[in-house]
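Quick notes on the structure that follows.
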Amino acid sequence: MFENTIAAICTPQAQGGIAVVRLSGENAKAIAKQVFAPVSGVDIAKARGYTAHFGHSFDDQGEIDEGILTVFCAPKSYTGEDVCEISCHGGVYVASRLLRACFSAGAVPAGPGEFTKRAFLNGKMSLTQAEAVADIIASQGEDALKAAVSAKEGALYQKIRALEEALMEICAHLAAYIDFPEEDVEEVFPQELQKKLKEMQQSLYTLIQNYDRGKIVREGVYTVIAGKPNVGKSTLMNLLTGEQKSIVTHIPGTTRDVVEETIRLGPLVLRLCDTAGIRQTPDVVESMGVALAREHVKRAQLVLAVFDGSEEFSTEDEQLVESLQGKQCIAIVNKMDLAQRLDVEDIKRRFSYVVVMSASTGENVQALQQAIEELFMLKSFDPTAAQIANERQLACVKSCYNSIMQALSAIQAGMTLDAVEISITEALEALQTLNGEKVTDTVVDEIFSRFCVGK
């Protein structure tokens with residue numbers, strides 16, 4: 001299908017134990033033969049698939065390194081083509097020189113994601129499975145990895161494929177009933193058709209509803225720590241990150257910029273921001289930090305609103321509460337290791353989730369993790385179930401859902417079956433676009449352009 005044989009370094013371009021140069025295409029073995037000599041003397045051009053050969057790589061200047069050549073023969077390879085992978089000692093120069101040798105022997109540079117793109121175009125995987133490859137690489141937590149692996153193994157593809165087949169069956173029945181009335185075609189009963197379509201619609205609705213939770217698991221939660229000065233925001237930041245990310249002093253207004261770090265809290269990834277204490281101040285620099293803090297609070301998916309348990313509720317605390325209306329929030333009553341003066345019951349009346357803890361000692365920090373999991377309903381999240389993984393997939397599912405809704409409306413309005421068939425056909429096409437059976441070259445190129453080179 002492809003004229004060129006592509007090559008790329010498929011390991012990180014940095015020092016390491018091993019580097020791998022991958023070749024894929026009709027001439028993969030012929031090119032590998034020109035840059036690699038097995039010590040066994042075996043003819044690489046005739047090498048069987050799933051075999052490994054120790055030897056030495058070389059170019060026109062001489063030997064490059066010793067390593068191992070692994071051979072995969074079409075169609076039983078990742079791309080569906082002949083694939084050769086040459087490993088060498090990990091190092092930027094060594095791997096780059098080996099790659100240049102492959103180019104000199106006739107290979108061309110692989111584009112971003114081109115190996116996986118060829119796998120998709122050669123029918124080795126669906127488009128949703130191909131997209132899952134990028135999600136596996138990008139996963140930052142256990143549940144994110146499980147969800148991506150499940151998608152790679154076909155969880156979403158199989159669910160969508162089952163819906164496709166059901167819609168195709170309905171389309172075929174409608175077409176035969178409408179176009180060949182003189183034939184002995186089973187009658188289409190609107191009530192039975194409605195029942196089938198509503199079941200499909202419910203299945204699609206579940207996918208759509210679970211998208212946000214899946215996105216949180218994959219991408220993490222943009223989380224802002226907010227509160228008045230000296231309530232322990234920076235101490236909490238340091239506790240959660242496990243290192244001294246923020247300066248901690250008894251002087252109010254110490255934090256003046258936004259300190260950011262990505263952390264894992266249980267199964268969840270938090271993109272955490274420590275902000276300046278929110279208050280009115282004549283200090284020009286601090287006031288700029290306060291303004292920046294307010295902007296981050298507005299954009300946050302989750303706000304950890306910190307209150308000092310050793311002090312009474314203040315006007316600044318009240319202003320913070322008012323600014324958080326409509327936001328996803330967890331109130332943290334900090335400094336539980338000190339004598340308590342804050343009315344915790346009052347805080348509980350203001351917030352749905354309240355955690356009493358000590359950021360300085362780490363006492364009860366596990367309650368914060370539990371509160372976040374409950375807030376985002378992550379305990380009921382099944383990472384192995386079919387999940388929509390990105391906005392493209394979400395748009396396709398929504399399009400199918402809306403088309404089915406139009407078909408149901410047409411049936412209820414007593415419209416002709418021709419009108420119903422049009423909507424069902426549109427629903428089917430949306431699912432075929434999702435799995436990559438009907439997708440433009442432009443969309444395919446856009447999807448794989450986001451992959452790294454070498455994958």
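Quick note on naming: the chains in the structure tokens go A, B, ... in the order shown, residues restart at 1 in each chain, and ligands are numbered from 1 in order of appearance.
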If you count only C-alpha atoms, which residues fall within 7 Å of Gly25 (chain A), apart from same-chain ones fewer than 2 positions away, as a list in words?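 Residues meeting the cut-off are Asn4, Thr5, Ile6, Leu23, Asn27, Ala28, Glu81, Asp82 and Val83 of chain A.
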Taking 5 positions as the minimum chain separation for residues in the same chain, which residues sit within 8 Å of Val269 (chain A) when counting only C-alpha atoms? Answer as a list in words.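 Within the cut-off, the hits are Gln140, Gly141, Val217, Glu219, Gly220, Val221, Thr262, Ile263 and Arg264 of chain A.
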Emit the selected residues as a short mmCIF file (atom, residue, chain, number, x, y, z; two decimals), in the first residue's frame, including C-alpha atoms.
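The result, written out as selection-v4.cif:
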data_model
loop_
_atom_site.label_atom_id
_atom_site.label_comp_id
_atom_site.auth_asym_id
_atom_site.auth_seq_id
_atom_site.Cartn_x
_atom_site.Cartn_y
_atom_site.Cartn_z
CA GLN A 140 -0.01 9.66 34.21
CA GLY A 141 -1.91 7.40 36.60
CA VAL A 217 -8.83 10.50 35.01
CA GLU A 219 -5.85 14.60 32.02
CA GLY A 220 -6.05 15.32 35.73
CA VAL A 221 -7.83 18.12 37.56
CA THR A 262 1.51 18.01 38.85
CA ILE A 263 0.99 15.38 41.54
CA ARG A 264 -0.72 12.02 41.95
#
Exercise: Leu394 (chain A) partners within 9 Å, only C-alpha atoms, chain neighbours under 4 positions left out, as a PyMOL selection string: chain A and resi 207-208+211+388-390+398-399+434
Okay, now the selection with all heavy atoms, as a tab-separated table (two decimals), in the first residue's frame?
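And here's selection_16.tsv as it stands now:
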chain	number	residue	atom	x	y	z
A	207	LEU	N	-22.31	6.78	27.55
A	207	LEU	CA	-20.97	7.13	27.09
A	207	LEU	C	-20.71	8.63	27.24
A	207	LEU	O	-19.65	9.05	27.71
A	207	LEU	CB	-20.77	6.71	25.63
A	207	LEU	CG	-20.53	5.24	25.32
A	207	LEU	CD1	-20.49	5.03	23.82
A	207	LEU	CD2	-19.24	4.76	25.96
A	208	ILE	N	-21.70	9.42	26.84
A	208	ILE	CA	-21.56	10.88	26.90
A	208	ILE	C	-21.44	11.34	28.36
A	208	ILE	O	-20.60	12.18	28.69
A	208	ILE	CB	-22.74	11.57	26.21
A	208	ILE	CG1	-22.73	11.27	24.70
A	208	ILE	CG2	-22.71	13.08	26.44
A	208	ILE	CD1	-23.99	11.68	23.97
A	211	TYR	N	-18.05	10.85	29.98
A	211	TYR	CA	-16.89	11.48	29.32
A	211	TYR	C	-16.10	12.37	30.27
A	211	TYR	O	-14.87	12.31	30.32
A	211	TYR	CB	-17.34	12.27	28.10
A	211	TYR	CG	-16.21	13.05	27.45
A	211	TYR	CD1	-15.18	12.40	26.80
A	211	TYR	CD2	-16.17	14.44	27.53
A	211	TYR	CE1	-14.14	13.09	26.22
A	211	TYR	CE2	-15.13	15.16	26.95
A	211	TYR	CZ	-14.11	14.47	26.29
A	211	TYR	OH	-13.08	15.17	25.73
A	388	ILE	N	-15.26	7.22	26.06
A	388	ILE	CA	-14.91	8.19	25.02
A	388	ILE	C	-13.63	8.87	25.46
A	388	ILE	O	-13.53	9.37	26.59
A	388	ILE	CB	-16.03	9.23	24.84
A	388	ILE	CG1	-17.33	8.55	24.42
A	388	ILE	CG2	-15.62	10.27	23.80
A	388	ILE	CD1	-18.52	9.50	24.37
A	389	ALA	N	-12.63	8.94	24.57
A	389	ALA	CA	-11.30	9.39	25.00
A	389	ALA	C	-10.95	10.81	24.59
A	389	ALA	O	-9.99	11.36	25.12
A	389	ALA	CB	-10.24	8.43	24.44
A	390	ASN	N	-11.69	11.41	23.66
A	390	ASN	CA	-11.31	12.75	23.22
A	390	ASN	C	-12.51	13.46	22.59
A	390	ASN	O	-13.58	12.87	22.43
A	390	ASN	CB	-10.13	12.69	22.24
A	390	ASN	CG	-10.40	11.76	21.06
A	390	ASN	OD1	-11.41	11.88	20.37
A	390	ASN	ND2	-9.50	10.82	20.83
A	398	LYS	N	-22.15	12.21	20.03
A	398	LYS	CA	-23.25	13.17	20.14
A	398	LYS	C	-24.03	13.28	18.84
A	398	LYS	O	-25.26	13.40	18.84
A	398	LYS	CB	-22.71	14.54	20.55
A	398	LYS	CG	-22.36	14.67	22.02
A	398	LYS	CD	-21.94	16.09	22.36
A	398	LYS	CE	-21.74	16.27	23.86
A	398	LYS	NZ	-21.33	17.65	24.20
A	399	SER	N	-23.32	13.25	17.72
A	399	SER	CA	-23.98	13.31	16.42
A	399	SER	C	-24.90	12.11	16.21
A	399	SER	O	-26.03	12.25	15.74
A	399	SER	CB	-22.92	13.36	15.31
A	399	SER	OG	-23.53	13.37	14.03
A	434	LEU	N	-16.52	7.52	13.72
A	434	LEU	CA	-15.87	7.31	15.01
A	434	LEU	C	-14.83	6.21	14.93
A	434	LEU	O	-13.68	6.38	15.38
A	434	LEU	CB	-16.92	6.99	16.07
A	434	LEU	CG	-16.42	6.58	17.46
A	434	LEU	CD1	-15.57	7.68	18.07
A	434	LEU	CD2	-17.59	6.26	18.37
Within 12 Å of Gln209 (chain A), counting only C-alpha atoms, which residues show up once you throw out same-chain ones fewer than 2 positions away? Write them as a PyMOL selection string, please. chain A and resi 202-207+211-215+381+387-388+394+397-398
Determine, counting only C-alpha atoms, which protein, DNA and RNA residues have an atom within 12 Å of an atom of region 439-444 of chain A; residues of the same chain fewer than 4 positions away are not included. Present the result as a PDB file with all heavy atoms, in the first residue's frame.
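So around.pdb came out as:
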ATOM      1  N   PRO A 112       5.184  12.098  12.279  1.00  0.00           N
ATOM      2  CA  PRO A 112       4.594  11.859  13.605  1.00  0.00           C
ATOM      3  C   PRO A 112       3.515  10.781  13.547  1.00  0.00           C
ATOM      4  O   PRO A 112       2.589  10.871  12.733  1.00  0.00           O
ATOM      5  CB  PRO A 112       4.002  13.222  13.973  1.00  0.00           C
ATOM      6  CG  PRO A 112       4.782  14.207  13.183  1.00  0.00           C
ATOM      7  CD  PRO A 112       5.106  13.519  11.886  1.00  0.00           C
ATOM      8  N   GLY A 113       3.654   9.768  14.368  1.00  0.00           N
ATOM      9  CA  GLY A 113       2.645   8.717  14.439  1.00  0.00           C
ATOM     10  C   GLY A 113       2.492   7.868  13.200  1.00  0.00           C
ATOM     11  O   GLY A 113       1.510   7.133  13.063  1.00  0.00           O
ATOM     12  N   GLU A 114       3.465   7.907  12.296  1.00  0.00           N
ATOM     13  CA  GLU A 114       3.254   7.237  11.001  1.00  0.00           C
ATOM     14  C   GLU A 114       3.227   5.722  11.112  1.00  0.00           C
ATOM     15  O   GLU A 114       2.551   5.049  10.335  1.00  0.00           O
ATOM     16  CB  GLU A 114       4.306   7.669   9.980  1.00  0.00           C
ATOM     17  CG  GLU A 114       3.972   7.182   8.579  1.00  0.00           C
ATOM     18  CD  GLU A 114       4.827   7.806   7.486  1.00  0.00           C
ATOM     19  OE1 GLU A 114       5.664   8.679   7.786  1.00  0.00           O
ATOM     20  OE2 GLU A 114       4.645   7.404   6.318  1.00  0.00           O
ATOM     21  N   THR A 116       1.869   3.986  13.592  1.00  0.00           N
ATOM     22  CA  THR A 116       0.509   3.666  14.024  1.00  0.00           C
ATOM     23  C   THR A 116      -0.496   4.018  12.932  1.00  0.00           C
ATOM     24  O   THR A 116      -1.504   3.318  12.760  1.00  0.00           O
ATOM     25  CB  THR A 116       0.176   4.425  15.317  1.00  0.00           C
ATOM     26  OG1 THR A 116       1.157   4.110  16.305  1.00  0.00           O
ATOM     27  CG2 THR A 116      -1.195   4.019  15.861  1.00  0.00           C
ATOM     28  N   LYS A 117      -0.239   5.083  12.193  1.00  0.00           N
ATOM     29  CA  LYS A 117      -1.111   5.453  11.076  1.00  0.00           C
ATOM     30  C   LYS A 117      -1.147   4.337  10.043  1.00  0.00           C
ATOM     31  O   LYS A 117      -2.212   3.979   9.524  1.00  0.00           O
ATOM     32  CB  LYS A 117      -0.608   6.749  10.442  1.00  0.00           C
ATOM     33  CG  LYS A 117      -1.435   7.242   9.262  1.00  0.00           C
ATOM     34  CD  LYS A 117      -0.867   8.539   8.709  1.00  0.00           C
ATOM     35  CE  LYS A 117      -1.658   9.038   7.510  1.00  0.00           C
ATOM     36  NZ  LYS A 117      -1.085  10.306   6.975  1.00  0.00           N
ATOM     37  N   ARG A 118       0.016   3.764   9.737  1.00  0.00           N
ATOM     38  CA  ARG A 118       0.052   2.646   8.789  1.00  0.00           C
ATOM     39  C   ARG A 118      -0.683   1.424   9.349  1.00  0.00           C
ATOM     40  O   ARG A 118      -1.344   0.689   8.612  1.00  0.00           O
ATOM     41  CB  ARG A 118       1.504   2.301   8.444  1.00  0.00           C
ATOM     42  CG  ARG A 118       2.181   3.368   7.587  1.00  0.00           C
ATOM     43  CD  ARG A 118       3.506   2.902   7.008  1.00  0.00           C
ATOM     44  NE  ARG A 118       4.062   3.922   6.119  1.00  0.00           N
ATOM     45  CZ  ARG A 118       5.012   3.693   5.219  1.00  0.00           C
ATOM     46  NH1 ARG A 118       5.526   2.476   5.082  1.00  0.00           N
ATOM     47  NH2 ARG A 118       5.457   4.666   4.448  1.00  0.00           N
ATOM     48  N   PHE A 120      -3.278   1.512  11.265  1.00  0.00           N
ATOM     49  CA  PHE A 120      -4.695   1.799  11.068  1.00  0.00           C
ATOM     50  C   PHE A 120      -5.093   1.612   9.607  1.00  0.00           C
ATOM     51  O   PHE A 120      -6.077   0.924   9.301  1.00  0.00           O
ATOM     52  CB  PHE A 120      -5.010   3.222  11.524  1.00  0.00           C
ATOM     53  CG  PHE A 120      -6.307   3.765  10.987  1.00  0.00           C
ATOM     54  CD1 PHE A 120      -7.524   3.204  11.342  1.00  0.00           C
ATOM     55  CD2 PHE A 120      -6.305   4.832  10.096  1.00  0.00           C
ATOM     56  CE1 PHE A 120      -8.720   3.687  10.828  1.00  0.00           C
ATOM     57  CE2 PHE A 120      -7.484   5.335   9.578  1.00  0.00           C
ATOM     58  CZ  PHE A 120      -8.700   4.763   9.943  1.00  0.00           C
ATOM     59  N   LEU A 121      -4.343   2.204   8.699  1.00  0.00           N
ATOM     60  CA  LEU A 121      -4.685   2.138   7.273  1.00  0.00           C
ATOM     61  C   LEU A 121      -4.547   0.724   6.721  1.00  0.00           C
ATOM     62  O   LEU A 121      -5.204   0.374   5.743  1.00  0.00           O
ATOM     63  CB  LEU A 121      -3.809   3.106   6.477  1.00  0.00           C
ATOM     64  CG  LEU A 121      -4.051   4.602   6.785  1.00  0.00           C
ATOM     65  CD1 LEU A 121      -3.040   5.463   6.037  1.00  0.00           C
ATOM     66  CD2 LEU A 121      -5.474   5.008   6.416  1.00  0.00           C
ATOM     67  N   SER A 126      -8.588  -0.268  14.707  1.00  0.00           N
ATOM     68  CA  SER A 126      -9.561   0.772  14.386  1.00  0.00           C
ATOM     69  C   SER A 126      -8.972   2.134  14.759  1.00  0.00           C
ATOM     70  O   SER A 126      -7.923   2.222  15.395  1.00  0.00           O
ATOM     71  CB  SER A 126     -10.859   0.544  15.166  1.00  0.00           C
ATOM     72  OG  SER A 126     -10.649   0.805  16.551  1.00  0.00           O
ATOM     73  N   LEU A 127      -9.667   3.198  14.372  1.00  0.00           N
ATOM     74  CA  LEU A 127      -9.173   4.535  14.677  1.00  0.00           C
ATOM     75  C   LEU A 127      -9.193   4.800  16.184  1.00  0.00           C
ATOM     76  O   LEU A 127      -8.278   5.437  16.722  1.00  0.00           O
ATOM     77  CB  LEU A 127     -10.011   5.588  13.941  1.00  0.00           C
ATOM     78  CG  LEU A 127      -9.418   6.998  13.870  1.00  0.00           C
ATOM     79  CD1 LEU A 127      -8.014   6.978  13.295  1.00  0.00           C
ATOM     80  CD2 LEU A 127     -10.317   7.898  13.030  1.00  0.00           C
ATOM     81  N   THR A 128     -10.206   4.302  16.874  1.00  0.00           N
ATOM     82  CA  THR A 128     -10.255   4.499  18.331  1.00  0.00           C
ATOM     83  C   THR A 128      -9.127   3.739  19.022  1.00  0.00           C
ATOM     84  O   THR A 128      -8.567   4.203  20.023  1.00  0.00           O
ATOM     85  CB  THR A 128     -11.609   4.054  18.905  1.00  0.00           C
ATOM     86  OG1 THR A 128     -11.870   2.697  18.526  1.00  0.00           O
ATOM     87  CG2 THR A 128     -12.734   4.945  18.399  1.00  0.00           C
ATOM     88  N   ALA A 130      -6.212   3.114  17.629  1.00  0.00           N
ATOM     89  CA  ALA A 130      -4.997   3.862  17.310  1.00  0.00           C
ATOM     90  C   ALA A 130      -4.855   5.078  18.224  1.00  0.00           C
ATOM     91  O   ALA A 130      -3.759   5.377  18.716  1.00  0.00           O
ATOM     92  CB  ALA A 130      -5.024   4.304  15.842  1.00  0.00           C
ATOM     93  N   GLU A 131      -5.962   5.779  18.471  1.00  0.00           N
ATOM     94  CA  GLU A 131      -5.918   6.926  19.367  1.00  0.00           C
ATOM     95  C   GLU A 131      -5.526   6.509  20.784  1.00  0.00           C
ATOM     96  O   GLU A 131      -4.891   7.272  21.521  1.00  0.00           O
ATOM     97  CB  GLU A 131      -7.272   7.631  19.376  1.00  0.00           C
ATOM     98  CG  GLU A 131      -7.563   8.395  18.088  1.00  0.00           C
ATOM     99  CD  GLU A 131      -8.968   8.956  18.042  1.00  0.00           C
ATOM    100  OE1 GLU A 131      -9.925   8.165  18.223  1.00  0.00           O
ATOM    101  OE2 GLU A 131      -9.122  10.165  17.824  1.00  0.00           O
ATOM    102  N   ARG A 392     -13.012  14.493  19.535  1.00  0.00           N
ATOM    103  CA  ARG A 392     -13.452  13.954  18.246  1.00  0.00           C
ATOM    104  C   ARG A 392     -14.438  12.821  18.452  1.00  0.00           C
ATOM    105  O   ARG A 392     -15.513  12.778  17.819  1.00  0.00           O
ATOM    106  CB  ARG A 392     -12.242  13.450  17.438  1.00  0.00           C
ATOM    107  CG  ARG A 392     -12.617  12.928  16.038  1.00  0.00           C
ATOM    108  CD  ARG A 392     -11.503  12.078  15.437  1.00  0.00           C
ATOM    109  NE  ARG A 392     -11.429  10.755  16.037  1.00  0.00           N
ATOM    110  CZ  ARG A 392     -12.164   9.717  15.648  1.00  0.00           C
ATOM    111  NH1 ARG A 392     -13.058   9.852  14.684  1.00  0.00           N
ATOM    112  NH2 ARG A 392     -12.031   8.542  16.238  1.00  0.00           N
ATOM    113  N   GLN A 393     -14.089  11.905  19.351  1.00  0.00           N
ATOM    114  CA  GLN A 393     -14.979  10.781  19.626  1.00  0.00           C
ATOM    115  C   GLN A 393     -16.287  11.265  20.238  1.00  0.00           C
ATOM    116  O   GLN A 393     -17.362  10.765  19.892  1.00  0.00           O
ATOM    117  CB  GLN A 393     -14.277   9.790  20.560  1.00  0.00           C
ATOM    118  CG  GLN A 393     -13.062   9.123  19.944  1.00  0.00           C
ATOM    119  CD  GLN A 393     -12.326   8.214  20.915  1.00  0.00           C
ATOM    120  OE1 GLN A 393     -12.780   7.983  22.036  1.00  0.00           O
ATOM    121  NE2 GLN A 393     -11.171   7.707  20.503  1.00  0.00           N
ATOM    122  N   CYS A 396     -18.627  12.626  17.584  1.00  0.00           N
ATOM    123  CA  CYS A 396     -19.242  11.550  16.795  1.00  0.00           C
ATOM    124  C   CYS A 396     -20.387  10.896  17.558  1.00  0.00           C
ATOM    125  O   CYS A 396     -21.459  10.622  16.992  1.00  0.00           O
ATOM    126  CB  CYS A 396     -18.196  10.505  16.417  1.00  0.00           C
ATOM    127  SG  CYS A 396     -16.960  11.054  15.213  1.00  0.00           S
ATOM    128  N   GLU A 429     -23.589   6.705  10.006  1.00  0.00           N
ATOM    129  CA  GLU A 429     -22.387   7.339   9.456  1.00  0.00           C
ATOM    130  C   GLU A 429     -21.540   7.982  10.561  1.00  0.00           C
ATOM    131  O   GLU A 429     -20.307   7.987  10.474  1.00  0.00           O
ATOM    132  CB  GLU A 429     -22.782   8.380   8.410  1.00  0.00           C
ATOM    133  CG  GLU A 429     -23.322   7.759   7.117  1.00  0.00           C
ATOM    134  CD  GLU A 429     -23.821   8.792   6.130  1.00  0.00           C
ATOM    135  OE1 GLU A 429     -23.932   9.985   6.509  1.00  0.00           O
ATOM    136  OE2 GLU A 429     -24.091   8.413   4.974  1.00  0.00           O
ATOM    137  N   ALA A 430     -22.178   8.492  11.585  1.00  0.00           N
ATOM    138  CA  ALA A 430     -21.440   9.092  12.700  1.00  0.00           C
ATOM    139  C   ALA A 430     -20.598   8.040  13.418  1.00  0.00           C
ATOM    140  O   ALA A 430     -19.442   8.288  13.790  1.00  0.00           O
ATOM    141  CB  ALA A 430     -22.411   9.751  13.680  1.00  0.00           C
ATOM    142  N   LEU A 431     -21.160   6.847  13.604  1.00  0.00           N
ATOM    143  CA  LEU A 431     -20.416   5.774  14.259  1.00  0.00           C
ATOM    144  C   LEU A 431     -19.305   5.244  13.362  1.00  0.00           C
ATOM    145  O   LEU A 431     -18.220   4.895  13.845  1.00  0.00           O
ATOM    146  CB  LEU A 431     -21.355   4.633  14.649  1.00  0.00           C
ATOM    147  CG  LEU A 431     -22.420   4.967  15.698  1.00  0.00           C
ATOM    148  CD1 LEU A 431     -23.163   3.700  16.114  1.00  0.00           C
ATOM    149  CD2 LEU A 431     -21.810   5.629  16.925  1.00  0.00           C
ATOM    150  N   GLN A 432     -19.555   5.194  12.066  1.00  0.00           N
ATOM    151  CA  GLN A 432     -18.515   4.749  11.130  1.00  0.00           C
ATOM    152  C   GLN A 432     -17.358   5.739  11.089  1.00  0.00           C
ATOM    153  O   GLN A 432     -16.199   5.349  10.931  1.00  0.00           O
ATOM    154  CB  GLN A 432     -19.126   4.551   9.748  1.00  0.00           C
ATOM    155  CG  GLN A 432     -20.071   3.356   9.673  1.00  0.00           C
ATOM    156  CD  GLN A 432     -20.821   3.262   8.347  1.00  0.00           C
ATOM    157  OE1 GLN A 432     -21.070   4.277   7.692  1.00  0.00           O
ATOM    158  NE2 GLN A 432     -21.182   2.058   7.958  1.00  0.00           N
ATOM    159  N   THR A 433     -17.665   7.011  11.260  1.00  0.00           N
ATOM    160  CA  THR A 433     -16.620   8.030  11.357  1.00  0.00           C
ATOM    161  C   THR A 433     -15.822   7.847  12.637  1.00  0.00           C
ATOM    162  O   THR A 433     -14.596   7.974  12.664  1.00  0.00           O
ATOM    163  CB  THR A 433     -17.231   9.438  11.324  1.00  0.00           C
ATOM    164  OG1 THR A 433     -17.939   9.616  10.088  1.00  0.00           O
ATOM    165  CG2 THR A 433     -16.156  10.508  11.440  1.00  0.00           C
ATOM    166  N   LEU A 434     -16.521   7.522  13.717  1.00  0.00           N
ATOM    167  CA  LEU A 434     -15.867   7.315  15.009  1.00  0.00           C
ATOM    168  C   LEU A 434     -14.828   6.211  14.931  1.00  0.00           C
ATOM    169  O   LEU A 434     -13.681   6.376  15.377  1.00  0.00           O
ATOM    170  CB  LEU A 434     -16.922   6.989  16.069  1.00  0.00           C
ATOM    171  CG  LEU A 434     -16.421   6.581  17.459  1.00  0.00           C
ATOM    172  CD1 LEU A 434     -15.571   7.677  18.065  1.00  0.00           C
ATOM    173  CD2 LEU A 434     -17.588   6.257  18.369  1.00  0.00           C
ATOM    174  N   ASN A 435     -15.185   5.070  14.355  1.00  0.00           N
ATOM    175  CA  ASN A 435     -14.271   3.933  14.292  1.00  0.00           C
ATOM    176  C   ASN A 435     -13.297   4.015  13.126  1.00  0.00           C
ATOM    177  O   ASN A 435     -12.409   3.172  12.999  1.00  0.00           O
ATOM    178  CB  ASN A 435     -15.058   2.621  14.206  1.00  0.00           C
ATOM    179  CG  ASN A 435     -15.371   2.059  15.580  1.00  0.00           C
ATOM    180  OD1 ASN A 435     -14.702   2.377  16.555  1.00  0.00           O
ATOM    181  ND2 ASN A 435     -16.385   1.210  15.663  1.00  0.00           N
ATOM    182  N   PHE A 448      -3.069  11.828  13.710  1.00  0.00           N
ATOM    183  CA  PHE A 448      -1.736  11.274  13.887  1.00  0.00           C
ATOM    184  C   PHE A 448      -0.646  12.338  13.975  1.00  0.00           C
ATOM    185  O   PHE A 448       0.469  12.044  14.412  1.00  0.00           O
ATOM    186  CB  PHE A 448      -1.436  10.263  12.780  1.00  0.00           C
ATOM    187  CG  PHE A 448      -2.238   9.003  12.908  1.00  0.00           C
ATOM    188  CD1 PHE A 448      -3.345   8.769  12.093  1.00  0.00           C
ATOM    189  CD2 PHE A 448      -1.937   8.056  13.875  1.00  0.00           C
ATOM    190  CE1 PHE A 448      -4.107   7.636  12.224  1.00  0.00           C
ATOM    191  CE2 PHE A 448      -2.694   6.912  14.024  1.00  0.00           C
ATOM    192  CZ  PHE A 448      -3.777   6.696  13.196  1.00  0.00           C
ATOM    193  N   SER A 449      -0.960  13.555  13.600  1.00  0.00           N
ATOM    194  CA  SER A 449       0.009  14.642  13.735  1.00  0.00           C
ATOM    195  C   SER A 449       0.307  14.934  15.200  1.00  0.00           C
ATOM    196  O   SER A 449       1.340  15.524  15.526  1.00  0.00           O
ATOM    197  CB  SER A 449      -0.497  15.914  13.044  1.00  0.00           C
ATOM    198  OG  SER A 449      -1.603  16.464  13.755  1.00  0.00           O
ATOM    199  N   ARG A 450      -0.589  14.516  16.086  1.00  0.00           N
ATOM    200  CA  ARG A 450      -0.399  14.755  17.521  1.00  0.00           C
ATOM    201  C   ARG A 450       0.439  13.655  18.186  1.00  0.00           C
ATOM    202  O   ARG A 450       0.756  13.747  19.368  1.00  0.00           O
ATOM    203  CB  ARG A 450      -1.759  14.866  18.210  1.00  0.00           C
ATOM    204  CG  ARG A 450      -2.585  16.041  17.721  1.00  0.00           C
ATOM    205  CD  ARG A 450      -3.786  16.288  18.627  1.00  0.00           C
ATOM    206  NE  ARG A 450      -4.802  15.258  18.495  1.00  0.00           N
ATOM    207  CZ  ARG A 450      -5.832  15.320  17.665  1.00  0.00           C
ATOM    208  NH1 ARG A 450      -5.969  16.370  16.881  1.00  0.00           N
ATOM    209  NH2 ARG A 450      -6.726  14.363  17.626  1.00  0.00           N
ATOM    210  N   PHE A 451       0.784  12.611  17.426  1.00  0.00           N
ATOM    211  CA  PHE A 451       1.621  11.546  17.956  1.00  0.00           C
ATOM    212  C   PHE A 451       3.093  11.975  17.911  1.00  0.00           C
ATOM    213  O   PHE A 451       3.474  12.886  17.190  1.00  0.00           O
ATOM    214  CB  PHE A 451       1.472  10.272  17.115  1.00  0.00           C
ATOM    215  CG  PHE A 451       0.250   9.460  17.405  1.00  0.00           C
ATOM    216  CD1 PHE A 451      -1.008  10.049  17.389  1.00  0.00           C
ATOM    217  CD2 PHE A 451       0.336   8.106  17.671  1.00  0.00           C
ATOM    218  CE1 PHE A 451      -2.151   9.298  17.620  1.00  0.00           C
ATOM    219  CE2 PHE A 451      -0.791   7.343  17.908  1.00  0.00           C
ATOM    220  CZ  PHE A 451      -2.039   7.955  17.888  1.00  0.00           C
TER     221      PHE A 451
END
Which one is closest to Glu322 (chain A): A:Gly55, A:Asp274, A:Ala305, A:Ser310? Count only C-alpha atoms. A:Ala305
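Compared by their closest atoms to Thr223 (chain A), and using only C-alpha atoms, the residues A:Ala395, A:Ala144, A:Ile372, A:Ala367 rank with A:Ile372 nearest.
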Out of A:Gln301, A:Val224, A:Leu320, A:Leu197, which residue has the shortest atom-to-atom distance to Glu421 (chain A) when counting only C-alpha atoms? A:Leu197
Would you kindly return, as a PyMOL selection string, each protein, DNA or RNA residue with an atom no farther than 12 Å from any atom of region 106-109 of chain A, considering only C-alpha atoms and excluding same-chain residues fewer than 2 positions away? chain A and resi 2-10+21-35+84+96+98-104+111-115+453-454
Proximity to Ala147 (chain A) - best of A:Lys233, A:Lys76, A:Arg218, A:Arg294, only C-alpha atoms: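 Nearest to Ala147 (chain A): A:Arg218.
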